[in-house]
Protein chains: 2
Amino acid sequence: LSKQPTTAASGFRDFMPAEVQFRRRTIATILGVFETSGFMPIETPAVERLETLTGKYGDEGEKLIFKVMKRGEELERAREAGVELADMALRYDLTVPTMRFYAHHQAKLPKIFKRYQVGPVWRADRPGRGRYREFYQCDIDVFGSAAPIADAEVVVTLGAALEAVGLGGFTIRISSRKLLEGLTVAYGIPAERKVGFITALDKVDKVGLDGFFAELATLGLGDAVLALVRADFSQADVEAAIRARCAGNESGRAGLAEADAIVRLSRPQLRTGTVAFDPMLARGLDYYTGFIFEIVSADAKGSIAGGGRYDNLASMFQKASVPVTGGSLGIERILLLLEAQAEAAVVTGPQVFVTCWSDDLAEHTVALAALLRQAGIRTDIELAGRKLGQQLAFADSLGCRLAVIAGPDEVAKGVVTVKDLARGEQETLPADGLVAHVRSGL
Amino acid sequence: LSKQPTTAASGFRDFMPAEVQFRRRTIATILGVFETSGFMPIETPAVERLETLTGKYGDEGEKLIFKVMKRGEELERAREAGVELADMALRYDLTVPTMRFYAHHQAKLPKIFKRYQVGPVWRADRPGRGRYREFYQCDIDVFGSAAPIADAEVVVTLGAALEAVGLGGFTIRISSRKLLEGLTVAYGIPAERKVGFITALDKVDKVGLDGFFAELATLGLGDAVLALVRADFSQADVEAAIRARCAGNESGRAGLAEADAIVRLSRPQLRTGTVAFDPMLARGLDYYTGFIFEIVSADAKGSIAGGGRYDNLASMFQKASVPVTGGSLGIERILLLLEAQAEAAVVTGPQVFVTCWSDDLAEHTVALAALLRQAGIRTDIELAGRKLGQQLAFADSLGCRLAVIAGPDEVAKGVVTVKDLARGEQETLPADGLVAHVRSGL
């Protein structure tokens with residue numbers, strides 16, 4: 001019998017105890033902030049109907065969807081008919097399932113519905129450094145309000161979450177798709193080139209201004225347009241130039257007003273992070289309709305959060321359009337940043353180890369452990385009948401601070417010995433004082 | 001554009017906020033008990049290599065595995081070659097992935113490794129009442145010890161978890177496969193009929209003794225064998241009869257000694273639950289090698305937990321055999337039982353609602369909310385610019401106890417009004433006393 005591979009499948013991860021605890025603790029802190037801010041959890045399944053996901057993520061995204069095969073006779077029939085062999089798929093993100101959820105359950109939900117969801121999504125990406133096929137997303141959204149205060153609520157809540165996990169040195173960059181729309185109008189960029197312009201602007205962080213101008217030159221825009229763009233973006237004060245340019249049309253003015261309102265509402269509420277209007281912000285995805293934002297940290301390349309307003313996305317699953325604004329924490333990136341900091345790898349293991357003198361005293365071991373556990377003290381016990389020295393070494397390797405020893409003499413006298421594994425000191429005391437003694441020794 | 005279905009796929013569930021919170025709270029309580037008892041969390045991916053799961057669950061189980069399709073060129077090649085179109089699959093349980101995990105990471109794990117894992121598994125079962133295609137499992141296992149104290153550790157920990165979530169009225173039924181082996185030897189049941197005997201015994205709860213005898217009659221056992229079985233199982237004290245029968249061979253004696261030791265070690269540690277030797281217990285799965293148990297509750301049909309010792313399962317992925325004992329809480333069933341009890345459906349929503357007098361006072365609303373949230377008070381705010389009466393009605397519908405009101409006069413005077421939504425009373429106080437006032441009013 002040849003043994004099978006024991007690694008997780010390519011692009012997938014096993015998590016050791018310390019990693020699970022660290023991820024869980026960090027996520028719990030974030031979810032605590034969400035709930036304190038009035039966001040409520042929902043959950044959708046890992047698996048959706050294939051048709052729920054197809055046509056939502058563009059050609060490139062669609063290729064990355066993991067499909068779940070039909071089964072039994074249905075599979076056979078599909079194979080013979082030469083039609084689609086899959087009927088379901090693993091969720092690619094949390095946004096599309098949430099839109100489905102909202103369309104279905106809307107009548108039972110509050111009129112203004114603030115939801116969060118955190119959980120794994122799956123993408124058939126080529127695995128690479130820090131790129132996995134199963135990773136967590138962590139989203140908040142506000143359904144039912146078109147007001148800038150709802151956009152500010154998203155920004156403030158995500159900022160508070162980052163501050164709560166100790167990533168307070170962030171900047172929230174804010175803009176609006178309306179402003180970009182106004183800008184393209186002011187520059188005289190034709191409608192069919194707008195996406196190209198926004199895509200080029202989205203890369204300015206990576207490629208610099210010269211790269212941006214070079215990219216624009218490939219779009220077939222006229223020289224007059226290019227000269228206008230170049231004039232604005234080459235100013236010492238780009239923001240002032242863009243503000244002036246946008247002020248000339250309605251969409252531009254609306255975008256500016258929106259971005260300014262969100263900055264004004266959110267800025268005073270951040271304790272260590274900052275928020276600023278950033279006319280260079282574009283965001284890649286094309287479904288945004290107004291407010292857009294990204295959060296960057298001095299500690300990380302790229303953004304650690306992003307989002308915006310997408311008032312038309314709900315119409316994928318329902319007739320009525322619903323204003324929605326939301327954002328997503330790059331939770332895997334955040335976990336990676338925090339993991340690099342201290343204490344992440346420390347497992348919250350047992351604090352006390354109850355040794356076992358011999359098989360016929362096992363009942364005593366189990367009873368002492370039950371006492372400590374009922375008092376909420378994390379307690380492990382000897383399960384393998386090893387020699388006392390080995391038991392103590394094992395307790396130490398688990399990270400236990402104290403070991404409890406009770407041999408026949410101690411049992412007869414109703415006492416126990418508690419050994420401090422770090423200091424090597426030990427003390428014998430009445431068994432009924434064990435919990436209090438251990439509490440004071442931890 | 002015809003709208004798409006908005007329900008979850010057949011057999012899958014969406015969870016509303018109150019359900020998510022209730023499930024999460026209950027599971028957190030259980031995991032707290034596990035960690036207090038020295039069990040450490042691990043996580044394995046939702047998706048495993050297909051070969052990791054095939055050949056592990058029998059023919060019937062294998063049909064229920066959800067397969068993930070190959071992608072791109074690899075799919076095309078497989079289609080042309082007429083070979084398997086899937087390369088991965090959704091995990092069917094947590095046990096097989098854990099065995100793979102253990103084989104791979106063993107060198108980094110403690111010599112006695114106590115792990116727990118909780119998470120969804122997927123099975124392509126026909127959906128039905130209370131039967132889903134995505135459901136949670138919740139397992140604990142002890143690797144590396146063959147001693148009864150390890151089996152008792154499993155029983156005591158699961159019992160403490162049930163007590164902690166308020167399901168204390170349970171009975172833990174304990175036996176051993178060695179005892180069943182001894183029994184078949186004593187009855188003279190041939191090796192090839194043993195599984196049939198155990199399978200029949202496993203159903204005695206459902207079909208009664210007559211059904212059991214009828215089932216045995218179909219196995220082609222001789223009349224002498226049937227008479228022996230009938231004599232034992234018809235006794236007023238079946239346990240005594242079986243004990244006497246088992247005492248005649250080594251396997252039977254070992255099984256009895258094992259079961260008795262586990263009962264003796266675990267019984268004193270349970271606070272409200274009970275534990276008892278049960279010679280009628282069989283357990284369906286055929287991979288158990290010793291200790292077996294089931295936990296039943298007066299409130300539920302069937303068992304709410306079960307498990308046992310399976311010392312050979314690790315050899316699926318590694319050469320060295322490893323003693324393993326463990327158990328699984330029927331967490332979906334437990335959640336269902338608890339949900340029927342009070343308070344499950346109560347959502348932990350916002351406690352305070354900060355109203356918004358007008359758009360130009362929105363900054364004030366956001367600032368008051370930030371104050372309350374930073375004090376850890378769950379706070380929601382008005383996001384839709386509605387009339388005050390509508391805002392208060394919405395706050396009440398969210399379950400808020402208090403509403404904070406600050407109109408232009410109040411802002412000018414530096415005061416706020418706090419309204420008790422249940423009693424209808426309100427009080428105006430200095431804005432800097434808001435947090436203290438709200439705390440005392442909740």
# chains A, B, ... in the order shown; residues from 1 in each chain; ligands from 1

call {"tool": "closest_atom_pairs", "arguments": {"of": "chain A", "to": "chain B", "cutoff": "7 Å", "atoms": "only C-alpha atoms", "output": "tab-separated table"}}
result
residue	atom	partner	partner_atom	distance
A:Lys3	CA	B:Phe317	CA	5.7
A:Gln4	CA	B:Phe317	CA	5.8
A:Thr6	CA	B:Arg100	CA	5.1
A:Thr7	CA	B:His104	CA	6.3
A:Ala8	CA	B:Glu48	CA	6.5
A:Ala9	CA	B:Arg49	CA	5.4
A:Phe12	CA	B:Pro45	CA	6.2
A:Arg13	CA	B:Pro45	CA	6.1
A:Asp14	CA	B:Thr44	CA	4.7
A:Phe15	CA	B:Glu43	CA	5.0
A:Met16	CA	B:Ile42	CA	5.3
A:Pro17	CA	B:Pro41	CA	4.9
A:Val20	CA	B:Ile42	CA	6.3
A:Glu35	CA	B:Arg378	CA	6.5
A:Thr36	CA	B:Arg378	CA	3.9
A:Ser37	CA	B:Thr379	CA	5.4
A:Gly38	CA	B:Asp380	CA	4.8
A:Met40	CA	B:Pro17	CA	5.7
A:Pro41	CA	B:Pro17	CA	4.9
A:Ile42	CA	B:Pro17	CA	5.1
A:Glu43	CA	B:Phe15	CA	5.0
A:Thr44	CA	B:Asp14	CA	4.6
A:Pro45	CA	B:Arg13	CA	6.1
A:Glu48	CA	B:Ala9	CA	5.6
A:Arg49	CA	B:Ala9	CA	5.4
A:Phe66	CA	B:Val68	CA	6.6
A:Lys67	CA	B:Met69	CA	5.6
A:Val68	CA	B:Val68	CA	4.6
A:Met69	CA	B:Lys67	CA	5.6
A:Arg100	CA	B:Thr6	CA	5.1
A:Phe101	CA	B:Thr6	CA	6.8
A:Ala103	CA	B:Thr6	CA	6.5
A:His104	CA	B:Thr6	CA	5.2
A:Ser145	CA	B:Ala384	CA	5.3
A:Ala147	CA	B:Ala384	CA	6.4
A:Ile149	CA	B:Leu383	CA	6.0
A:Ala150	CA	B:Leu383	CA	5.5
A:Leu265	CA	B:Glu363	CA	5.2
A:Gln269	CA	B:Ala370	CA	6.2
A:Phe317	CA	B:Lys3	CA	5.7
A:Gln318	CA	B:Lys3	CA	6.4
A:Gly349	CA	B:Gly38	CA	6.5
A:Pro350	CA	B:Gly38	CA	5.2
A:Glu363	CA	B:Leu265	CA	5.2
A:Val366	CA	B:Leu265	CA	6.8
A:Ala367	CA	B:Gln269	CA	6.4
A:Ala370	CA	B:Gln269	CA	6.2
A:Arg373	CA	B:Thr36	CA	5.9
A:Gly376	CA	B:Thr36	CA	6.4
A:Ile377	CA	B:Thr36	CA	6.1
A:Arg378	CA	B:Thr36	CA	3.9
A:Thr379	CA	B:Ser37	CA	5.4
A:Asp380	CA	B:Gly38	CA	4.9
A:Leu383	CA	B:Ala150	CA	5.5
A:Ala384	CA	B:Ser145	CA	5.3

call {"tool": "write_last_selection", "arguments": {"atoms": "C-alpha atoms", "output": "JSON list (two decimals), in the first residue's frame"}}
result
[["chain", "number", "residue", "atom", "x", "y", "z"],
["A", 3, "LYS", "CA", 0.97, 6.06, 1.23],
["A", 4, "GLN", "CA", -0.98, 9.04, -0.09],
["A", 6, "THR", "CA", -0.38, 14.28, 3.26],
["A", 7, "THR", "CA", -0.11, 17.93, 2.27],
["A", 8, "ALA", "CA", -3.20, 20.03, 1.75],
["A", 9, "ALA", "CA", -4.15, 20.39, -1.92],
["A", 12, "PHE", "CA", -4.88, 25.33, 0.35],
["A", 13, "ARG", "CA", -3.69, 25.60, 3.94],
["A", 14, "ASP", "CA", -3.71, 23.64, 7.16],
["A", 15, "PHE", "CA", -3.69, 25.78, 10.29],
["A", 16, "MET", "CA", -1.84, 24.82, 13.46],
["A", 17, "PRO", "CA", -3.40, 25.58, 16.87],
["A", 20, "VAL", "CA", -6.21, 29.14, 14.45],
["A", 35, "GLU", "CA", -21.53, 44.73, 16.20],
["A", 36, "THR", "CA", -20.79, 47.70, 18.45],
["A", 37, "SER", "CA", -21.41, 49.83, 15.35],
["A", 38, "GLY", "CA", -24.76, 48.17, 14.73],
["A", 40, "MET", "CA", -25.39, 42.40, 12.12],
["A", 41, "PRO", "CA", -23.97, 39.08, 10.91],
["A", 42, "ILE", "CA", -25.44, 37.03, 8.09],
["A", 43, "GLU", "CA", -24.15, 33.80, 6.61],
["A", 44, "THR", "CA", -24.63, 32.35, 3.17],
["A", 45, "PRO", "CA", -23.55, 28.86, 2.06],
["A", 48, "GLU", "CA", -24.20, 28.45, -4.67],
["A", 49, "ARG", "CA", -26.12, 27.54, -7.79],
["A", 66, "PHE", "CA", -14.45, 26.36, -8.77],
["A", 67, "LYS", "CA", -17.34, 24.34, -10.17],
["A", 68, "VAL", "CA", -19.04, 21.49, -8.31],
["A", 69, "MET", "CA", -19.91, 18.55, -10.54],
["A", 100, "ARG", "CA", -28.97, 37.15, -3.51],
["A", 101, "PHE", "CA", -29.59, 36.93, 0.24],
["A", 103, "ALA", "CA", -33.23, 40.04, -2.58],
["A", 104, "HIS", "CA", -34.67, 36.92, -0.96],
["A", 145, "SER", "CA", -29.45, 54.60, 2.32],
["A", 147, "ALA", "CA", -26.77, 59.48, 2.05],
["A", 149, "ILE", "CA", -23.54, 59.55, 6.31],
["A", 150, "ALA", "CA", -23.97, 55.87, 5.32],
["A", 265, "LEU", "CA", -18.16, 63.21, 8.84],
["A", 269, "GLN", "CA", -14.13, 59.91, 14.65],
["A", 317, "PHE", "CA", -31.42, 39.59, -8.31],
["A", 318, "GLN", "CA", -34.37, 41.96, -7.95],
["A", 349, "GLY", "CA", -2.69, 26.24, 25.70],
["A", 350, "PRO", "CA", -3.24, 24.61, 29.08],
["A", 363, "GLU", "CA", -9.39, 8.65, 39.21],
["A", 366, "VAL", "CA", -9.24, 13.11, 36.61],
["A", 367, "ALA", "CA", -11.00, 14.52, 39.66],
["A", 370, "ALA", "CA", -12.27, 18.48, 36.79],
["A", 373, "ARG", "CA", -11.55, 23.04, 34.76],
["A", 376, "GLY", "CA", -12.29, 27.92, 34.31],
["A", 377, "ILE", "CA", -8.57, 27.10, 34.53],
["A", 378, "ARG", "CA", -7.18, 25.57, 31.34],
["A", 379, "THR", "CA", -5.97, 22.17, 32.50],
["A", 380, "ASP", "CA", -4.38, 19.16, 30.85],
["A", 383, "LEU", "CA", -2.85, 10.34, 29.50],
["A", 384, "ALA", "CA", 0.02, 8.02, 28.67]]

call {"tool": "residues_around", "arguments": {"residues": "A:Asp278", "least_positions_apart": "2", "cutoff": "10 Å", "atoms": "only C-alpha atoms", "output": "PDB file with N, CA, C and O atoms, in the first residue's frame"}}
result
ATOM      1  N   ILE A 172      -7.065  56.606   5.040  1.00  0.00           N
ATOM      2  CA  ILE A 172      -8.232  56.270   4.221  1.00  0.00           C
ATOM      3  C   ILE A 172      -8.314  57.286   3.096  1.00  0.00           C
ATOM      4  O   ILE A 172      -8.442  58.482   3.339  1.00  0.00           O
ATOM      5  N   ARG A 173      -8.168  56.800   1.863  1.00  0.00           N
ATOM      6  CA  ARG A 173      -8.248  57.667   0.689  1.00  0.00           C
ATOM      7  C   ARG A 173      -9.671  57.626   0.159  1.00  0.00           C
ATOM      8  O   ARG A 173     -10.213  56.540  -0.064  1.00  0.00           O
ATOM      9  N   ILE A 174     -10.251  58.791  -0.040  1.00  0.00           N
ATOM     10  CA  ILE A 174     -11.661  58.858  -0.424  1.00  0.00           C
ATOM     11  C   ILE A 174     -11.848  59.648  -1.705  1.00  0.00           C
ATOM     12  O   ILE A 174     -11.212  60.681  -1.912  1.00  0.00           O
ATOM     13  N   SER A 175     -12.710  59.139  -2.580  1.00  0.00           N
ATOM     14  CA  SER A 175     -13.104  59.898  -3.757  1.00  0.00           C
ATOM     15  C   SER A 175     -14.506  59.446  -4.169  1.00  0.00           C
ATOM     16  O   SER A 175     -15.210  58.793  -3.377  1.00  0.00           O
ATOM     17  N   SER A 176     -14.887  59.794  -5.380  1.00  0.00           N
ATOM     18  CA  SER A 176     -16.207  59.401  -5.881  1.00  0.00           C
ATOM     19  C   SER A 176     -16.131  59.136  -7.374  1.00  0.00           C
ATOM     20  O   SER A 176     -15.435  59.834  -8.105  1.00  0.00           O
ATOM     21  N   VAL A 238      -2.045  68.887  -7.260  1.00  0.00           N
ATOM     22  CA  VAL A 238      -2.942  68.171  -8.181  1.00  0.00           C
ATOM     23  C   VAL A 238      -4.391  68.298  -7.714  1.00  0.00           C
ATOM     24  O   VAL A 238      -5.309  68.479  -8.514  1.00  0.00           O
ATOM     25  N   GLU A 239      -4.572  68.190  -6.375  1.00  0.00           N
ATOM     26  CA  GLU A 239      -5.935  68.232  -5.838  1.00  0.00           C
ATOM     27  C   GLU A 239      -6.635  69.520  -6.255  1.00  0.00           C
ATOM     28  O   GLU A 239      -7.788  69.495  -6.720  1.00  0.00           O
ATOM     29  N   ALA A 259     -17.534  63.493  -1.643  1.00  0.00           N
ATOM     30  CA  ALA A 259     -16.256  63.123  -1.021  1.00  0.00           C
ATOM     31  C   ALA A 259     -15.968  64.022   0.181  1.00  0.00           C
ATOM     32  O   ALA A 259     -15.545  63.546   1.250  1.00  0.00           O
ATOM     33  N   VAL A 275      -7.947  60.344   7.407  1.00  0.00           N
ATOM     34  CA  VAL A 275      -8.797  60.202   6.231  1.00  0.00           C
ATOM     35  C   VAL A 275      -8.600  61.441   5.370  1.00  0.00           C
ATOM     36  O   VAL A 275      -8.448  62.543   5.894  1.00  0.00           O
ATOM     37  N   ALA A 276      -8.534  61.256   4.057  1.00  0.00           N
ATOM     38  CA  ALA A 276      -8.295  62.398   3.184  1.00  0.00           C
ATOM     39  C   ALA A 276      -8.911  62.166   1.809  1.00  0.00           C
ATOM     40  O   ALA A 276      -8.950  61.025   1.319  1.00  0.00           O
ATOM     41  N   MET A 280      -6.688  61.089  -6.966  1.00  0.00           N
ATOM     42  CA  MET A 280      -6.016  60.083  -7.799  1.00  0.00           C
ATOM     43  C   MET A 280      -6.617  58.687  -7.617  1.00  0.00           C
ATOM     44  O   MET A 280      -6.230  57.758  -8.326  1.00  0.00           O
ATOM     45  N   LEU A 281      -7.507  58.553  -6.648  1.00  0.00           N
ATOM     46  CA  LEU A 281      -8.066  57.223  -6.384  1.00  0.00           C
ATOM     47  C   LEU A 281      -9.064  56.843  -7.471  1.00  0.00           C
ATOM     48  O   LEU A 281      -9.914  57.650  -7.858  1.00  0.00           O
ATOM     49  N   ALA A 282      -8.976  55.612  -7.965  1.00  0.00           N
ATOM     50  CA  ALA A 282      -9.893  55.203  -9.038  1.00  0.00           C
ATOM     51  C   ALA A 282     -10.665  53.923  -8.695  1.00  0.00           C
ATOM     52  O   ALA A 282     -11.855  53.844  -8.895  1.00  0.00           O
ATOM     53  N   PHE A 293     -13.378  54.193  -1.868  1.00  0.00           N
ATOM     54  CA  PHE A 293     -12.303  54.410  -0.897  1.00  0.00           C
ATOM     55  C   PHE A 293     -11.319  53.253  -0.895  1.00  0.00           C
ATOM     56  O   PHE A 293     -11.624  52.147  -1.368  1.00  0.00           O
ATOM     57  N   GLU A 294     -10.152  53.537  -0.372  1.00  0.00           N
ATOM     58  CA  GLU A 294      -9.134  52.515  -0.128  1.00  0.00           C
ATOM     59  C   GLU A 294      -8.430  52.876   1.164  1.00  0.00           C
ATOM     60  O   GLU A 294      -8.279  54.060   1.475  1.00  0.00           O
TER      61      GLU A 294
END

call {"tool": "residues_around", "arguments": {"residues": "B:Gly433", "least_positions_apart": "6", "cutoff": "12 Å", "atoms": "only C-alpha atoms", "output": "ChimeraX atom specification"}}
result
/B:368,371-372,414-418,427,439-440

call {"tool": "write_last_selection", "arguments": {"atoms": "C-alpha atoms", "output": "PDB file, in the first residue's frame"}}
result
ATOM      1  CA  LEU B 368     -22.173  61.049  19.655  1.00  0.00           C
ATOM      2  CA  LEU B 371     -18.427  58.281  21.892  1.00  0.00           C
ATOM      3  CA  LEU B 372     -20.862  55.518  22.787  1.00  0.00           C
ATOM      4  CA  GLY B 414     -24.217  71.420  24.821  1.00  0.00           C
ATOM      5  CA  VAL B 415     -26.892  69.025  26.002  1.00  0.00           C
ATOM      6  CA  VAL B 416     -28.542  65.850  24.651  1.00  0.00           C
ATOM      7  CA  THR B 417     -31.911  64.250  25.255  1.00  0.00           C
ATOM      8  CA  VAL B 418     -32.026  60.530  25.990  1.00  0.00           C
ATOM      9  CA  GLU B 427     -34.291  63.259  30.085  1.00  0.00           C
ATOM     10  CA  ARG B 439     -24.677  52.923  30.853  1.00  0.00           C
ATOM     11  CA  SER B 440     -26.958  53.323  33.845  1.00  0.00           C
TER      12      SER B 440
END

call {"tool": "select_by_dssp", "arguments": {"residues": "stretch 142-390 of chain A", "states": "helix (DSSP H, G or I)", "output": "VMD selection string"}}
result
chain A and resid 148 to 164 177 to 187 191 to 202 204 to 217 223 to 233 238 to 246 250 to 269 313 to 316 331 to 339 359 to 374 388 to 390

call {"tool": "residues_around", "arguments": {"residues": "B:Val225", "least_positions_apart": "4", "cutoff": "9 Å", "atoms": "only C-alpha atoms", "output": "list of chain:residue names"}}
result
B:Tyr187, B:Gly188, B:Ile189, B:Leu221, B:Val229, B:Arg230

call {"tool": "atom_distance", "arguments": {"atom1": "atom CA of B:Val263", "atom2": "atom CA of B:Ile292"}}
result
11.8 Å
